[in-house]
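Okay, protein16.cif now, which holds mmCIF, C-alpha atoms:
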```cif
data_my_file
loop_
_atom_site.label_atom_id
_atom_site.label_comp_id
_atom_site.auth_asym_id
_atom_site.auth_seq_id
_atom_site.Cartn_x
_atom_site.Cartn_y
_atom_site.Cartn_z
CA MET A 183 -8.96 -25.60 -5.47
CA ILE A 184 -9.05 -21.80 -5.18
CA ARG A 185 -11.22 -20.18 -2.57
CA LEU A 186 -11.78 -16.46 -2.09
CA TYR A 187 -12.86 -15.17 1.30
CA ASP A 188 -14.35 -11.75 0.68
CA TYR A 189 -17.15 -9.30 1.45
CA TRP A 190 -19.34 -7.98 -1.31
CA ARG A 191 -18.70 -4.31 -0.57
CA SER A 192 -15.00 -4.53 0.40
CA SER A 193 -13.09 -2.64 -2.24
CA ALA A 194 -9.92 -4.72 -1.82
CA SER A 195 -12.09 -7.83 -2.41
CA TYR A 196 -13.64 -6.18 -5.47
CA ARG A 197 -10.12 -5.73 -6.92
CA VAL A 198 -9.40 -9.43 -6.53
CA ARG A 199 -12.74 -10.42 -8.08
CA ILE A 200 -11.92 -8.26 -11.13
CA ALA A 201 -8.51 -9.91 -11.55
CA LEU A 202 -10.01 -13.40 -11.16
CA ALA A 203 -12.65 -12.56 -13.80
CA MET A 204 -10.09 -11.04 -16.20
CA LYS A 205 -8.03 -14.22 -15.97
CA HIS A 206 -11.06 -16.55 -16.14
CA VAL A 207 -10.05 -18.33 -12.94
CA ASP A 208 -12.62 -20.69 -11.41
CA TYR A 209 -13.01 -20.18 -7.69
CA GLU A 210 -15.32 -20.79 -4.78
CA ARG A 211 -16.45 -17.64 -3.01
CA HIS A 212 -17.00 -17.46 0.76
CA ASP A 213 -18.57 -14.49 2.45
CA VAL A 214 -17.02 -12.88 5.55
CA ASN A 215 -19.59 -10.44 6.87
CA LEU A 216 -17.72 -7.30 7.92
CA LEU A 217 -20.77 -5.62 9.39
CA ALA A 218 -21.32 -8.64 11.64
CA GLY A 219 -17.64 -8.51 12.66
CA GLU A 220 -16.82 -11.93 11.20
CA GLN A 221 -13.40 -10.69 10.04
CA GLY A 222 -12.22 -10.80 13.67
CA ASP A 223 -13.39 -14.39 14.25
CA ASP A 224 -10.77 -17.06 14.94
CA ALA A 225 -11.59 -18.75 11.64
CA ASN A 226 -10.82 -15.61 9.65
CA ARG A 227 -7.73 -14.73 11.69
CA ALA A 228 -6.37 -18.23 11.07
CA ARG A 229 -6.41 -17.53 7.32
CA ASN A 230 -5.64 -13.80 7.50
CA ALA A 231 -3.30 -12.62 10.26
CA GLN A 232 -4.67 -9.07 10.04
CA GLY A 233 -8.28 -10.22 10.39
CA PHE A 234 -9.07 -8.66 7.02
CA VAL A 235 -10.62 -9.61 3.74
CA PRO A 236 -9.81 -10.64 1.08
CA THR A 237 -7.90 -13.89 1.56
CA LEU A 238 -7.07 -16.28 -1.27
CA ASP A 239 -6.80 -19.95 -0.30
CA VAL A 240 -4.91 -22.09 -2.79
CA ASP A 241 -5.06 -25.75 -1.75
CA GLY A 242 -4.86 -24.69 1.88
CA GLN A 243 -2.11 -22.08 1.45
CA THR A 244 -3.45 -18.63 2.25
CA ILE A 245 -2.49 -15.20 0.91
CA GLY A 246 -3.69 -11.86 2.30
CA GLN A 247 -3.40 -8.31 0.91
CA SER A 248 -5.17 -7.77 -2.43
CA LEU A 249 -2.06 -6.65 -4.33
CA ALA A 250 -0.14 -9.71 -3.14
CA ILE A 251 -3.04 -11.95 -4.19
CA ILE A 252 -3.18 -10.33 -7.63
CA ASP A 253 0.59 -10.71 -7.99
CA TYR A 254 0.17 -14.42 -7.26
CA LEU A 255 -2.63 -14.73 -9.82
CA ASP A 256 -0.49 -12.88 -12.36
CA ALA A 257 2.39 -15.32 -11.81
CA THR A 258 0.20 -18.40 -12.08
CA TYR A 259 -2.37 -17.22 -14.68
CA PRO A 260 -0.27 -14.84 -16.81
CA ASP A 261 -2.95 -13.98 -19.38
CA PRO A 262 -3.87 -11.14 -19.50
CA PRO A 263 -0.91 -9.54 -17.67
CA MET A 264 -1.68 -7.13 -14.84
CA VAL A 265 1.57 -5.17 -15.23
CA PRO A 266 3.71 -4.33 -18.28
CA ARG A 267 7.12 -5.96 -18.82
CA ASP A 268 9.15 -2.80 -19.35
CA PRO A 269 10.66 -1.84 -15.96
CA LEU A 270 9.67 1.84 -16.13
CA ALA A 271 6.14 1.17 -17.44
CA ARG A 272 5.74 -1.49 -14.76
CA ALA A 273 6.87 0.92 -12.04
CA HIS A 274 4.38 3.52 -13.27
CA THR A 275 1.54 0.99 -13.16
CA LEU A 276 2.51 0.08 -9.60
CA GLN A 277 2.81 3.76 -8.68
CA ARG A 278 -0.75 4.47 -9.86
CA ALA A 279 -2.05 1.35 -8.13
CA LEU A 280 -0.35 2.33 -4.85
CA VAL A 281 -1.77 5.86 -4.93
CA ILE A 282 -5.08 4.08 -4.37
CA ALA A 283 -4.04 0.91 -2.54
CA ALA A 284 -1.68 2.61 -0.08
CA ASP A 285 -2.75 6.25 0.13
CA ILE A 286 -6.54 6.33 -0.36
CA HIS A 287 -8.05 3.03 0.64
CA PRO A 288 -6.21 2.20 3.91
CA VAL A 289 -6.88 5.61 5.45
CA ASN A 290 -10.60 5.29 4.69
CA ASN A 291 -11.41 1.72 5.58
CA LEU A 292 -13.87 0.55 8.17
CA ARG A 293 -11.43 0.16 11.08
CA ILE A 294 -10.20 3.75 10.62
CA LEU A 295 -13.71 5.20 10.42
CA LYS A 296 -14.73 3.24 13.51
CA ARG A 297 -11.73 4.55 15.45
CA LEU A 298 -12.47 8.13 14.40
CA GLY A 299 -16.00 7.61 15.67
CA ALA A 300 -14.68 6.32 18.99
CA MET A 301 -12.52 9.46 19.20
CA GLY A 302 -15.62 11.62 18.98
CA ILE A 303 -15.57 12.50 15.28
CA ASP A 304 -19.22 12.55 14.13
CA GLN A 305 -20.64 11.11 10.89
CA ALA A 306 -20.29 14.42 9.02
CA GLY A 307 -16.66 14.68 10.11
CA ARG A 308 -15.96 11.10 9.07
CA ASP A 309 -17.58 11.66 5.66
CA GLU A 310 -15.45 14.76 5.18
CA TRP A 311 -12.34 12.76 6.11
CA TYR A 312 -13.28 10.08 3.57
CA ARG A 313 -13.88 12.52 0.73
CA HIS A 314 -10.73 14.49 1.52
CA TRP A 315 -8.36 11.56 1.01
CA ILE A 316 -10.15 10.46 -2.14
CA ALA A 317 -9.81 14.01 -3.51
CA GLU A 318 -6.08 14.12 -2.68
CA GLY A 319 -5.41 10.77 -4.32
CA PHE A 320 -7.63 11.31 -7.35
CA ALA A 321 -5.98 14.68 -8.06
CA ALA A 322 -2.61 12.91 -8.26
CA LEU A 323 -4.03 10.08 -10.33
CA GLU A 324 -5.69 12.49 -12.77
CA ALA A 325 -2.25 14.09 -13.28
CA LEU A 326 -0.68 10.66 -13.82
CA ALA A 327 -3.37 9.43 -16.24
CA GLY A 328 -2.54 9.26 -19.94
CA ASP A 329 -4.85 9.52 -22.92
CA GLY A 330 -6.78 6.33 -22.16
CA PRO A 331 -8.88 4.49 -22.86
CA TYR A 332 -7.57 2.93 -19.63
CA LEU A 333 -5.04 3.98 -16.99
CA GLY A 334 -2.88 1.24 -18.47
CA GLY A 335 -3.30 2.69 -21.98
CA ASP A 336 -4.79 0.30 -24.51
CA ALA A 337 -5.24 -2.54 -22.02
CA PRO A 338 -6.46 -2.44 -18.40
CA ASP A 339 -3.74 -3.06 -15.81
CA LEU A 340 -3.39 -3.32 -12.04
CA SER A 341 -4.05 0.39 -11.60
CA ASP A 342 -7.35 0.05 -13.47
CA VAL A 343 -8.25 -2.87 -11.21
CA CYS A 344 -7.74 -0.53 -8.25
CA LEU A 345 -9.50 2.48 -9.82
CA VAL A 346 -12.96 0.98 -10.37
CA PRO A 347 -13.57 -0.09 -6.74
CA GLN A 348 -12.27 3.26 -5.49
CA MET A 349 -14.64 5.12 -7.87
CA TYR A 350 -17.48 2.95 -6.57
CA ASN A 351 -16.61 4.01 -3.02
CA ALA A 352 -16.25 7.65 -4.04
CA ARG A 353 -19.77 7.65 -5.49
CA ARG A 354 -21.25 5.87 -2.46
CA LEU A 355 -20.01 8.77 -0.33
CA GLU A 356 -21.11 11.36 -2.92
CA THR A 357 -17.57 12.61 -3.51
CA PRO A 358 -17.51 15.38 -6.16
CA LEU A 359 -15.77 14.03 -9.29
CA ASP A 360 -15.88 17.07 -11.63
CA ALA A 361 -12.16 17.69 -11.17
CA TYR A 362 -11.22 14.23 -12.55
CA PRO A 363 -12.60 14.02 -16.11
CA LYS A 364 -9.96 11.51 -17.23
CA LEU A 365 -10.64 9.19 -14.30
CA VAL A 366 -14.42 9.39 -14.86
CA ALA A 367 -14.01 8.53 -18.56
CA ILE A 368 -11.58 5.69 -17.80
CA ASP A 369 -13.91 4.30 -15.14
CA ALA A 370 -16.81 4.34 -17.63
CA ALA A 371 -14.71 2.48 -20.20
CA LEU A 372 -13.61 -0.08 -17.59
CA THR A 373 -17.01 -0.79 -16.07
CA ALA A 374 -18.32 -1.61 -19.55
CA LEU A 375 -15.86 -4.53 -19.77
CA PRO A 376 -17.37 -7.95 -18.93
CA ALA A 377 -14.76 -8.86 -16.27
CA PHE A 378 -15.29 -5.60 -14.41
CA ALA A 379 -19.08 -5.91 -14.65
CA ALA A 380 -19.00 -9.51 -13.38
CA ALA A 381 -17.06 -8.43 -10.26
CA HIS A 382 -19.39 -5.56 -9.27
CA PRO A 383 -20.55 -5.61 -5.62
CA ASP A 384 -24.23 -5.60 -6.65
CA LYS A 385 -23.73 -9.10 -8.07
CA PHE A 386 -22.78 -10.32 -4.60
CA SER A 387 -25.12 -8.29 -2.42
CA PRO A 388 -26.96 -10.53 0.06
CA ALA A 389 -30.18 -8.48 -0.27
CA MET B 155 22.02 9.35 -13.87
CA ILE B 156 19.91 8.32 -10.87
CA ARG B 157 18.69 10.93 -8.45
CA LEU B 158 16.76 10.31 -5.25
CA TYR B 159 14.58 13.05 -3.82
CA ASP B 160 14.01 12.18 -0.20
CA TYR B 161 13.87 13.38 3.39
CA TRP B 162 16.17 11.92 6.00
CA ARG B 163 13.40 10.90 8.40
CA SER B 164 10.78 9.79 5.85
CA SER B 165 10.33 6.08 6.32
CA ALA B 166 9.34 5.46 2.68
CA SER B 167 12.59 7.21 1.67
CA TYR B 168 14.53 5.09 4.16
CA ARG B 169 13.17 1.94 2.42
CA VAL B 170 14.46 3.15 -0.95
CA ARG B 171 17.87 4.05 0.51
CA ILE B 172 18.17 0.51 1.91
CA ALA B 173 17.34 -1.04 -1.49
CA LEU B 174 19.80 1.25 -3.28
CA ALA B 175 22.52 0.31 -0.78
CA MET B 176 21.76 -3.43 -1.01
CA LYS B 177 22.09 -3.24 -4.79
CA HIS B 178 25.17 -0.96 -4.70
CA VAL B 179 23.52 1.62 -6.96
CA ASP B 180 25.29 4.97 -7.31
CA TYR B 181 22.91 7.89 -6.95
CA GLU B 182 22.75 11.58 -6.19
CA ARG B 183 20.63 12.45 -3.16
CA HIS B 184 18.51 15.60 -2.98
CA ASP B 185 16.80 16.72 0.18
CA VAL B 186 13.12 17.74 0.22
CA ASN B 187 12.49 19.28 3.64
CA LEU B 188 9.10 18.00 4.81
CA LEU B 189 9.05 20.17 7.92
CA ALA B 190 9.54 23.25 5.74
CA GLY B 191 6.72 22.06 3.46
CA GLU B 192 8.96 21.68 0.40
CA GLN B 193 7.06 18.55 -0.68
CA GLY B 194 4.16 20.78 -1.79
CA ASP B 195 6.35 23.10 -3.89
CA ASP B 196 5.81 23.18 -7.65
CA ALA B 197 9.25 21.65 -8.20
CA ASN B 198 8.41 18.62 -6.09
CA ARG B 199 4.87 18.26 -7.47
CA ALA B 200 6.33 18.28 -11.01
CA ARG B 201 8.33 15.17 -10.16
CA ASN B 202 5.82 13.59 -7.75
CA ALA B 203 2.12 14.09 -8.51
CA GLN B 204 1.18 13.40 -4.89
CA GLY B 205 3.64 15.97 -3.55
CA PHE B 206 5.38 13.24 -1.58
CA VAL B 207 8.84 11.83 -1.09
CA PRO B 208 10.58 9.70 -2.21
CA THR B 209 10.89 10.19 -5.95
CA LEU B 210 13.43 8.39 -8.11
CA ASP B 211 14.58 10.28 -11.19
CA VAL B 212 16.19 8.09 -13.86
CA ASP B 213 17.55 10.24 -16.68
CA GLY B 214 14.60 12.61 -16.27
CA GLN B 215 11.92 9.92 -15.93
CA THR B 216 10.37 10.04 -12.47
CA ILE B 217 8.85 7.30 -10.31
CA GLY B 218 6.92 7.85 -7.09
CA GLN B 219 5.77 5.39 -4.40
CA SER B 220 8.58 3.54 -2.62
CA LEU B 221 7.39 0.03 -3.53
CA ALA B 222 7.15 1.01 -7.22
CA ILE B 223 10.66 2.49 -7.05
CA ILE B 224 12.03 -0.66 -5.44
CA ASP B 225 10.28 -2.80 -8.07
CA TYR B 226 12.02 -0.72 -10.75
CA LEU B 227 15.39 -1.13 -9.04
CA ASP B 228 14.79 -4.86 -8.74
CA ALA B 229 14.06 -5.10 -12.48
CA THR B 230 17.12 -3.09 -13.47
CA TYR B 231 19.59 -4.16 -10.74
CA PRO B 232 18.46 -7.74 -10.06
CA ASP B 233 21.17 -8.63 -7.54
CA PRO B 234 20.29 -9.24 -4.74
CA PRO B 235 16.60 -9.92 -5.47
CA MET B 236 14.00 -8.16 -3.34
CA VAL B 237 11.34 -10.86 -3.83
CA PRO B 238 11.59 -14.63 -4.27
CA ARG B 239 10.81 -16.28 -7.62
CA ASP B 240 8.32 -18.86 -6.42
CA PRO B 241 4.82 -17.36 -6.87
CA LEU B 242 3.56 -18.25 -3.39
CA ALA B 243 6.75 -17.18 -1.61
CA ARG B 244 6.72 -13.96 -3.63
CA ALA B 245 3.10 -13.27 -2.66
CA HIS B 246 3.93 -13.83 1.02
CA THR B 247 6.83 -11.37 0.81
CA LEU B 248 4.52 -8.80 -0.77
CA GLN B 249 1.84 -9.52 1.82
CA ARG B 250 4.26 -8.82 4.68
CA ALA B 251 5.57 -5.69 2.96
CA LEU B 252 2.02 -4.39 2.41
CA VAL B 253 1.02 -4.94 6.04
CA ILE B 254 3.52 -2.14 6.69
CA ALA B 255 3.44 -0.15 3.44
CA ALA B 256 -0.35 -0.08 3.09
CA ASP B 257 -1.78 -0.61 6.56
CA ILE B 258 0.66 0.95 9.03
CA HIS B 259 2.65 3.69 7.34
CA PRO B 260 -0.03 5.55 5.29
CA VAL B 261 -2.40 5.90 8.25
CA ASN B 262 0.39 7.38 10.39
CA ASN B 263 2.17 9.73 8.04
CA LEU B 264 2.58 13.47 8.47
CA ARG B 265 -0.45 14.57 6.42
CA ILE B 266 -2.74 12.31 8.48
CA LEU B 267 -1.35 13.49 11.82
CA LYS B 268 -1.68 17.13 10.71
CA ARG B 269 -5.30 16.58 9.70
CA LEU B 270 -6.09 14.91 13.02
CA GLY B 271 -4.59 17.95 14.73
CA ALA B 272 -6.76 20.28 12.64
CA MET B 273 -9.78 18.19 13.70
CA GLY B 274 -8.98 18.91 17.35
CA ILE B 275 -7.15 15.71 18.29
CA ASP B 276 -4.37 16.71 20.69
CA GLN B 277 -0.77 15.45 20.72
CA ALA B 278 -1.53 12.66 23.20
CA GLY B 279 -4.45 11.51 21.04
CA ARG B 280 -2.31 11.57 17.91
CA ASP B 281 0.46 9.60 19.63
CA GLU B 282 -2.09 7.01 20.73
CA TRP B 283 -3.42 6.79 17.16
CA TYR B 284 0.11 6.25 15.86
CA ARG B 285 0.96 3.50 18.34
CA HIS B 286 -2.40 1.78 17.85
CA TRP B 287 -1.90 1.16 14.11
CA ILE B 288 1.68 0.04 14.64
CA ALA B 289 0.48 -2.44 17.29
CA GLU B 290 -2.25 -3.79 14.98
CA GLY B 291 0.16 -4.25 12.07
CA PHE B 292 3.05 -5.62 14.12
CA ALA B 293 0.77 -8.21 15.76
CA ALA B 294 -0.12 -9.52 12.29
CA LEU B 295 3.49 -9.39 11.13
CA GLU B 296 4.70 -11.25 14.24
CA ALA B 297 2.20 -14.02 13.37
CA LEU B 298 3.44 -14.08 9.76
CA ALA B 299 7.16 -14.10 10.67
CA GLY B 300 9.08 -17.36 10.31
CA ASP B 301 12.13 -18.55 12.18
CA GLY B 302 14.44 -15.84 10.83
CA PRO B 303 17.07 -14.65 10.81
CA TYR B 304 15.11 -12.27 8.53
CA LEU B 305 11.43 -11.92 7.56
CA GLY B 306 12.56 -13.24 4.18
CA GLY B 307 14.23 -16.25 5.82
CA ASP B 308 17.93 -16.61 5.09
CA ALA B 309 18.13 -13.43 2.99
CA PRO B 310 16.52 -10.03 3.56
CA ASP B 311 13.66 -9.25 1.17
CA LEU B 312 11.23 -6.40 0.45
CA SER B 313 9.39 -7.00 3.72
CA ASP B 314 12.64 -6.61 5.67
CA VAL B 315 13.29 -3.36 3.79
CA CYS B 316 9.90 -2.15 5.08
CA LEU B 317 10.32 -3.49 8.63
CA VAL B 318 13.43 -1.57 9.66
CA PRO B 319 12.08 1.95 8.93
CA GLN B 320 8.80 1.06 10.64
CA MET B 321 10.67 -0.17 13.73
CA TYR B 322 12.64 3.08 13.74
CA ASN B 323 9.35 5.01 13.74
CA ALA B 324 7.86 2.77 16.42
CA ARG B 325 10.82 3.47 18.72
CA ARG B 326 10.71 7.23 18.05
CA LEU B 327 7.13 7.23 19.36
CA GLU B 328 8.03 4.90 22.25
CA THR B 329 5.70 2.14 21.06
CA PRO B 330 5.87 -0.91 23.38
CA LEU B 331 7.53 -3.79 21.49
CA ASP B 332 7.46 -6.59 24.08
CA ALA B 333 4.70 -8.41 22.19
CA TYR B 334 6.83 -8.79 19.04
CA PRO B 335 9.96 -10.75 20.01
CA LYS B 336 10.46 -12.15 16.49
CA LEU B 337 10.25 -8.70 14.91
CA VAL B 338 12.66 -7.23 17.45
CA ALA B 339 15.20 -10.01 16.82
CA ILE B 340 14.82 -9.71 13.04
CA ASP B 341 15.22 -5.92 13.21
CA ALA B 342 18.43 -6.35 15.23
CA ALA B 343 19.82 -8.80 12.66
CA LEU B 344 18.90 -6.47 9.81
CA THR B 345 20.27 -3.26 11.27
CA ALA B 346 23.64 -4.98 11.70
CA LEU B 347 23.90 -5.43 7.91
CA PRO B 348 26.03 -2.79 6.14
CA ALA B 349 23.35 -1.77 3.59
CA PHE B 350 20.79 -1.19 6.33
CA ALA B 351 23.27 0.73 8.47
CA ALA B 352 24.31 2.93 5.52
CA ALA B 353 20.68 3.96 4.92
CA HIS B 354 19.89 4.94 8.52
CA PRO B 355 18.31 8.40 8.93
CA ASP B 356 21.07 9.54 11.29
CA LYS B 357 23.53 9.37 8.38
CA PHE B 358 21.45 12.01 6.57
CA SER B 359 20.35 14.21 9.45
CA PRO B 360 21.04 17.89 8.71
CA ALA B 361 22.02 18.58 12.32
#
```

What is this structure when it is put down as structure tokens?
Amino acid sequence: MIRLYDYWRSSASYRVRIALAMKHVDYERHDVNLLAGEQGDDANRARNAQGFVPTLDVDGQTIGQSLAIIDYLDATYPDPPMVPRDPLARAHTLQRALVIAADIHPVNNLRILKRLGAMGIDQAGRDEWYRHWIAEGFAALEALAGDGPYLGGDAPDLSDVCLVPQMYNARRLETPLDAYPKLVAIDAALTALPAFAAAHPDKFSPA
Amino acid sequence: MIRLYDYWRSSASYRVRIALAMKHVDYERHDVNLLAGEQGDDANRARNAQGFVPTLDVDGQTIGQSLAIIDYLDATYPDPPMVPRDPLARAHTLQRALVIAADIHPVNNLRILKRLGAMGIDQAGRDEWYRHWIAEGFAALEALAGDGPYLGGDAPDLSDVCLVPQMYNARRLETPLDAYPKLVAIDAALTALPAFAAAHPDKFSPA
């Protein structure tokens, strides 16, 4: 039995939902309400040492960190693959994924924004912070993008799985996207795919 | 021909140097002086779209992001392996590595600290920021650590390669470590290994 503990708007959770949908994995979804602070509850910390979402529970064995979860899914449900087999192509997929998963998302997540607020940075300052790191990362990713239709070329890969949730976040914060025409086109191609559409936060919104 | 573009004190570079040493890979090292701003030069941006270090250059093909570089090295120089073969064990190694490589290091690196400074956060505030995210990540990692001697158990793995540079950074900023006895013991066991010792920043200090 596979259980996913996630939050509808968490972008790391959104990545995992895309991978699960691409691989047609059946799972039971459990909501951890970040706005209510449920991620810090004992129950969530018992399954996720960081007190984060997402967590994958496989027959009682838990895995945290979205890229580690997706690696597990890729090892156990290999079709379709999330990374190419060629060592250099594989490294480039991971590089693109990590531009988002290491250098955009973690510096913009809720705990960081809360801490900035506690340090006296106002909402406008926090929004500027958020958009700045997206702009830095997207500029690099635009330079690394090929001719499409996806970041992975002819088939979506792990970096595409990271791109769509980050684009969703960028638009929520009204980040200008004119400088990233390749990324905008790739995102449009990706969001039209059934697995990406099925994982969209709106499908899991409590309202 | 393998070239590594790095900076002696960059902790992501330190990770790659450890992996290269563990796998006995011959390489030519090139310094990119972060304090002089060389990472933003055209030459460095041509090889690393983010304007970061480290970059691995393999016969003119470049790879950025330390975990992507180490994945490439693991695919091309498989001995010793950086991740276990079992899917769950592999995911747990990646999870531990990402606690550091996604959730500690990127929120504390030079560009973040500089931006905090530009936003009016003074040195004491920046130091507190730095120690806070190390403490959060190390608390999770201490809970995830097994009985040693390494994070990877009997053999060092990718998460050990990430731990040692993060411990080095923690000590530079005088982060209290009393709450992480397992991590301190594992770090001591790791730094005694020849490959870890050979990669230490002091070996590459310009002074």

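Between atom CA of His184 of chain B and atom CA of Tyr159 of chain B the interatomic distance comes to 4.8 Å.
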
So which residues touch segment 258-269 of chain B within 6 Å, counting only C-alpha atoms, skipping near sequence neighbours fewer than 3 positions away, as a tab-separated table (two decimals) with C-alpha atoms, keeping the file's coordinate frame?
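Just written: around04.tsv:
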```tsv
chain	number	residue	atom	x	y	z
A	285	ASP	CA	-2.75	6.25	0.13
A	289	VAL	CA	-6.88	5.61	5.45
B	254	ILE	CA	3.52	-2.14	6.69
B	255	ALA	CA	3.44	-0.15	3.44
B	272	ALA	CA	-6.76	20.28	12.64
B	284	TYR	CA	0.11	6.25	15.86
B	287	TRP	CA	-1.90	1.16	14.11
B	288	ILE	CA	1.68	0.04	14.64
```

Once the PyMOL selection byres ((chain A) within 6 of (chain B)) has been evaluated on this model, what residues remain selected, and can you format them as an MDAnalysis selection string? chainID A and resid 231:232 247 250 254 257 269 273 276:277 284:285 288:289 322

Take the residues that were just selected and, keeping C-alpha atoms, output them as a PDB file, in the frame of the given file.
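Written out: out30.pdb:
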```pdb
ATOM      1  CA  ALA A 231      -3.300 -12.620  10.260  1.00  0.00           C
ATOM      2  CA  GLN A 232      -4.670  -9.070  10.040  1.00  0.00           C
ATOM      3  CA  GLN A 247      -3.400  -8.310   0.910  1.00  0.00           C
ATOM      4  CA  ALA A 250      -0.140  -9.710  -3.140  1.00  0.00           C
ATOM      5  CA  TYR A 254       0.170 -14.420  -7.260  1.00  0.00           C
ATOM      6  CA  ALA A 257       2.390 -15.320 -11.810  1.00  0.00           C
ATOM      7  CA  PRO A 269      10.660  -1.840 -15.960  1.00  0.00           C
ATOM      8  CA  ALA A 273       6.870   0.920 -12.040  1.00  0.00           C
ATOM      9  CA  LEU A 276       2.510   0.080  -9.600  1.00  0.00           C
ATOM     10  CA  GLN A 277       2.810   3.760  -8.680  1.00  0.00           C
ATOM     11  CA  ALA A 284      -1.680   2.610  -0.080  1.00  0.00           C
ATOM     12  CA  ASP A 285      -2.750   6.250   0.130  1.00  0.00           C
ATOM     13  CA  PRO A 288      -6.210   2.200   3.910  1.00  0.00           C
ATOM     14  CA  VAL A 289      -6.880   5.610   5.450  1.00  0.00           C
ATOM     15  CA  ALA A 322      -2.610  12.910  -8.260  1.00  0.00           C
TER      16      ALA A 322
END
```

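Every protein or nucleic acid residue with an atom no more than 9 Å from Ala380 of chain A, counting all atoms listed in the file and leaving out same-chain residues fewer than 6 positions away, appears here: Arg199, Ile200 and Ala203 of chain A.
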
Just want the 12 Å neighbourhood of Asn351 of chain A, counted on all atoms listed in the file, with same-chain residues fewer than 2 positions away dropped. Output as a VMD selection string. chain A and resid 191 to 194 196 282 286 to 287 290 to 291 309 312 to 313 315 to 316 344 to 349 353 to 359 382 to 383

For those residues, write C-alpha atoms to a file as a PDB file, keeping the file's coordinate frame.
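Heads up, here's the output in result38.pdb:
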```pdb
ATOM      1  CA  ARG A 191     -18.700  -4.310  -0.570  1.00  0.00           C
ATOM      2  CA  SER A 192     -15.000  -4.530   0.400  1.00  0.00           C
ATOM      3  CA  SER A 193     -13.090  -2.640  -2.240  1.00  0.00           C
ATOM      4  CA  ALA A 194      -9.920  -4.720  -1.820  1.00  0.00           C
ATOM      5  CA  TYR A 196     -13.640  -6.180  -5.470  1.00  0.00           C
ATOM      6  CA  ILE A 282      -5.080   4.080  -4.370  1.00  0.00           C
ATOM      7  CA  ILE A 286      -6.540   6.330  -0.360  1.00  0.00           C
ATOM      8  CA  HIS A 287      -8.050   3.030   0.640  1.00  0.00           C
ATOM      9  CA  ASN A 290     -10.600   5.290   4.690  1.00  0.00           C
ATOM     10  CA  ASN A 291     -11.410   1.720   5.580  1.00  0.00           C
ATOM     11  CA  ASP A 309     -17.580  11.660   5.660  1.00  0.00           C
ATOM     12  CA  TYR A 312     -13.280  10.080   3.570  1.00  0.00           C
ATOM     13  CA  ARG A 313     -13.880  12.520   0.730  1.00  0.00           C
ATOM     14  CA  TRP A 315      -8.360  11.560   1.010  1.00  0.00           C
ATOM     15  CA  ILE A 316     -10.150  10.460  -2.140  1.00  0.00           C
ATOM     16  CA  CYS A 344      -7.740  -0.530  -8.250  1.00  0.00           C
ATOM     17  CA  LEU A 345      -9.500   2.480  -9.820  1.00  0.00           C
ATOM     18  CA  VAL A 346     -12.960   0.980 -10.370  1.00  0.00           C
ATOM     19  CA  PRO A 347     -13.570  -0.090  -6.740  1.00  0.00           C
ATOM     20  CA  GLN A 348     -12.270   3.260  -5.490  1.00  0.00           C
ATOM     21  CA  MET A 349     -14.640   5.120  -7.870  1.00  0.00           C
ATOM     22  CA  ARG A 353     -19.770   7.650  -5.490  1.00  0.00           C
ATOM     23  CA  ARG A 354     -21.250   5.870  -2.460  1.00  0.00           C
ATOM     24  CA  LEU A 355     -20.010   8.770  -0.330  1.00  0.00           C
ATOM     25  CA  GLU A 356     -21.110  11.360  -2.920  1.00  0.00           C
ATOM     26  CA  THR A 357     -17.570  12.610  -3.510  1.00  0.00           C
ATOM     27  CA  PRO A 358     -17.510  15.380  -6.160  1.00  0.00           C
ATOM     28  CA  LEU A 359     -15.770  14.030  -9.290  1.00  0.00           C
ATOM     29  CA  HIS A 382     -19.390  -5.560  -9.270  1.00  0.00           C
ATOM     30  CA  PRO A 383     -20.550  -5.610  -5.620  1.00  0.00           C
TER      31      PRO A 383
END
```

What is the distance between atom CA of Asp356 of chain B and atom CA of Ser167 of chain B, in Å to one decimal?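 According to the coordinates, atom CA of Asp356 of chain B and atom CA of Ser167 of chain B are separated by 13.0 Å.
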
Could you work out how far atom CA of Arg185 of chain A lies from atom CA of Leu238 of chain A, giving the answer in Å with one decimal? 5.8 Å

Residue by residue, what does the PyMOL selection byres ((chain B and resi 155) around 10) grab here? Present the result as a PyMOL selection string. chain B and resi 156-157+180-182+211-214

For C-alpha atoms, I'd like the residues from the last selection saved as an mmCIF file, in the frame of the given file.
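Now in selection24.cif:
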```
data_model
loop_
_atom_site.group_PDB
_atom_site.id
_atom_site.type_symbol
_atom_site.label_atom_id
_atom_site.label_comp_id
_atom_site.auth_asym_id
_atom_site.auth_seq_id
_atom_site.Cartn_x
_atom_site.Cartn_y
_atom_site.Cartn_z
ATOM 1 C CA ILE B 156 19.910 8.320 -10.870
ATOM 2 C CA ARG B 157 18.690 10.930 -8.450
ATOM 3 C CA ASP B 180 25.290 4.970 -7.310
ATOM 4 C CA TYR B 181 22.910 7.890 -6.950
ATOM 5 C CA GLU B 182 22.750 11.580 -6.190
ATOM 6 C CA ASP B 211 14.580 10.280 -11.190
ATOM 7 C CA VAL B 212 16.190 8.090 -13.860
ATOM 8 C CA ASP B 213 17.550 10.240 -16.680
ATOM 9 C CA GLY B 214 14.600 12.610 -16.270
#
```

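Summary of the local environment: counting all atoms listed in the file, residues at most 10 Å from Ala309 of chain B, other than itself and those fewer than 3 positions away along its chain, are B:Pro234, B:Pro235, B:Met236, B:Val237, B:Pro238, B:Gly302, B:Pro303, B:Tyr304, B:Leu305, B:Gly306, B:Asp314, B:Leu344.
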